[in-house]
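To start, the structure under review is shown below, and the notes come after it.
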Amino acid sequence: MFQSNTFKDQVVLVTGGRSGIGFQIAKDMLQLGAKVIICSRKEAPLKEAAEKLSEFGVVDYQACDIRNTEEIQALAAMIKEKHGRLDVLVNNAGGQFPVLAEYLNDKGWNAVINNNLNGTFYMIREMANAFFIPQKQGNIVNIIADMHRGFPGMIHTGAARAGVENITKTLAQEWSDFNIRINCVAPGIIESSGLDTYPQPVQDMFAEAKKAIPLKRFGDVKDISNAVAFLASPLASYITGISLYVDGAQHLNYDKMGMPNVLKSFLNP
Ligand SMILES: CCCCCCC/C=C/C(=O)SCCNC(=O)CCNC(=O)[C@H](O)C(C)(C)COP(=O)(O)OP(=O)(O)OC[C@H]1O[C@@H](n2cnc3c(N)ncnc32)[C@H](O)[C@@H]1OP(=O)(O)O
Ligand SMILES: NC(=O)C1=CN([C@@H]2O[C@H](COP(=O)(O)OP(=O)(O)OC[C@H]3O[C@@H](n4cnc5c(N)ncnc54)[C@H](OP(=O)(O)O)[C@@H]3O)[C@@H](O)[C@H]2O)C=CC1
């Protein structure tokens with residue numbers, strides 16, 4: 001689909017690149033010629049993933065919690081020292097848990113807002129200041145979620161991802177003078193390691209919801225990676241500030257999926 005030199009000599013950072021969607025993005029970027037750096041919180045699985053990815057090209061890694069500015073700055077310093085520049089930042093790290101709003105306490109709300117909204121902003125700001133703004137060139141792709149019509153059962157991540165979508169629209173304008181493009185990819189339900197973190201009733205609900213996805217299937221990690229590669233590539237050179245929904249049209253049919261009622265039947269404190 002893409003030429004094997006699409007990202008030749010480019011340096012790409014994929015947050016959460018040790019697993020699932022992020023791992024596939026890292027692998028595809030390597031196969032398209034990029035040097036790839038992956039980060040996530042835990043050193044051991046990160047190292048293991050980097051070893052697997054090294055089969056496909058030049059890969060580096062460093063543990064970094066996206067909620068911690070000092071750790072992000074240390075990651076930027078490592079990239080500068082070892083690779084000299086950064087061309088593409090893929091903000092993929094994130095997560096949440098299913099809960100009904102009335103049972104969500106401050107700690108749970110803050111955990112998800114900190115991870116998915118604050119962490120993503122800190123990463124964008126630090127990498128822009130370290131690389132994209134001085135280089136007068138940069139490309140950012142943010143993985144968000146299918147929250148187009150609200151996000152019943154996951155209010156915290158709906159709010160956080162909507163925040164990231166709005167950050168994207170703002171920076172597409174503020175940083176256009178620096179030749180920085182910034183876009184979002186909004187996955188529907190994607191068969192990845194991330195889904196294994198959900199309790200069985202939620203996974204059963206996903207299976208039921210599949211019938212109401214217009215394309216009648218879940219997404220694959222490759223579906224998301226293809227969209228990221230497109231937005232980060234010169235093929236998308238006139239595209240900035242958008243959200244690309246990669247969800248089999250789920251976002252147009254959310255109310256017919258019956259999620260709120262199904263969720264209410266088993267989500268409780
Ligand atoms: C329902 C609609 C369906 C639409 C389809 C959507 C498909 C989306 C799929 C995906 O996104 S897959 C990727 C998902 N991967 C993950 O979510 C894994 C990572 N998740 C996490 O790391 C956590 O969930 C986190 C909260 C995002 C981050 O955790 P952190 O380490 O910061 O906090 P914790 O100390 O673990 O927890 C803090 C606090 O948060 C509350 N809480 C955490 N987990 C749960 C839970 N499973 N259930 C209820 N509450 C939870 C809780 O208040 C925690 O405090 P304590 O009680 O532990 O003191
Ligand atoms: N799968 C799906 O259906 C959908 C997924 N998404 C989003 O896509 C992204 C990837 O999901 P997926 O691959 O499925 O799930 P995973 O749980 O496999 O991936 C999440 C990754 O993020 C890393 N991570 C989480 N928090 C942090 C943090 N604070 N700092 C650094 N790294 C962190 C995790 O590593 P570690 O825990 O070691 O830090 C892990 O590698 C997530 O943001 C997810 O919410 C959105 C919609 C649907």
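Chain identifiers are assigned as A, B, and so on, following the order in which chains appear in the structure tokens; residues are numbered from 1 within each chain, and ligands are numbered from 1 in order of appearance.
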Neighbouring residues of ligand 1 are defined here as those with any atom at most 8 Å from a ligand atom, counting only C-alpha atoms and all ligand atoms; list them as a ChimeraX atom specification. /A:94-99,104-112,114-116,145-146,151-154,187-190,192-198,202,206,259,263,269
Can you list, as a PyMOL selection string, every residue of segment 34-110 of chain A that DSSP puts in helix (DSSP H, G or I)? chain A and resi 43-56+69-83+101-103+106-110
At a cut-off of 10 Å, using only C-alpha atoms, what residues contact segment 33-35 of chain A? Leave out same-chain residues fewer than 6 positions from it and give the result as a PyMOL selection string. chain A and resi 3-13+26-27+56-60+83+86-88
Only C-alpha atoms, please: the residues just picked out, written as a PDB file, in the first residue's frame.
ATOM      1  CA  GLN A   3       6.218   2.594  -0.427  1.00  0.00           C
ATOM      2  CA  SER A   4       8.859   0.987   1.760  1.00  0.00           C
ATOM      3  CA  ASN A   5      10.760   4.291   1.872  1.00  0.00           C
ATOM      4  CA  THR A   6       7.750   6.472   2.835  1.00  0.00           C
ATOM      5  CA  PHE A   7       9.336   7.304   6.208  1.00  0.00           C
ATOM      6  CA  LYS A   8      12.978   6.695   5.256  1.00  0.00           C
ATOM      7  CA  ASP A   9      15.393   8.452   7.661  1.00  0.00           C
ATOM      8  CA  GLN A  10      12.492   9.784   9.724  1.00  0.00           C
ATOM      9  CA  VAL A  11      12.441   9.348  13.495  1.00  0.00           C
ATOM     10  CA  VAL A  12       9.072   8.269  14.903  1.00  0.00           C
ATOM     11  CA  LEU A  13       8.042   8.072  18.572  1.00  0.00           C
ATOM     12  CA  ALA A  26       5.750   0.768  15.446  1.00  0.00           C
ATOM     13  CA  LYS A  27       6.157  -2.336  13.298  1.00  0.00           C
ATOM     14  CA  PHE A  56      11.988  -5.015  11.249  1.00  0.00           C
ATOM     15  CA  GLY A  57      14.471  -2.137  11.585  1.00  0.00           C
ATOM     16  CA  VAL A  58      16.189   0.302  13.913  1.00  0.00           C
ATOM     17  CA  VAL A  59      14.257   0.530  17.164  1.00  0.00           C
ATOM     18  CA  ASP A  60      15.010   2.195  20.472  1.00  0.00           C
ATOM     19  CA  HIS A  83      18.849  10.218  16.933  1.00  0.00           C
ATOM     20  CA  LEU A  86      12.037  13.728  15.812  1.00  0.00           C
ATOM     21  CA  ASP A  87       9.711  13.763  12.803  1.00  0.00           C
ATOM     22  CA  VAL A  88       6.539  12.008  13.961  1.00  0.00           C
TER      23      VAL A  88
END
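Candidate residues A:Leu244, A:Ala186, A:Ala159, A:Ile25 were compared for distance to Ile143 of chain A, and the nearest is A:Ala186, using only C-alpha atoms.
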Between atom CA of Gln200 of chain A and atom 32 (N, counted along the ligand's line) of ligand 2, what is the spacing in Å? 24.0 Å
At a cut-off of 10 Å, using only C-alpha atoms, what residues contact Ala249 of chain A? Leave out same-chain residues fewer than 6 positions from it and give the result as a PyMOL selection string. chain A and resi 146+188+212-216
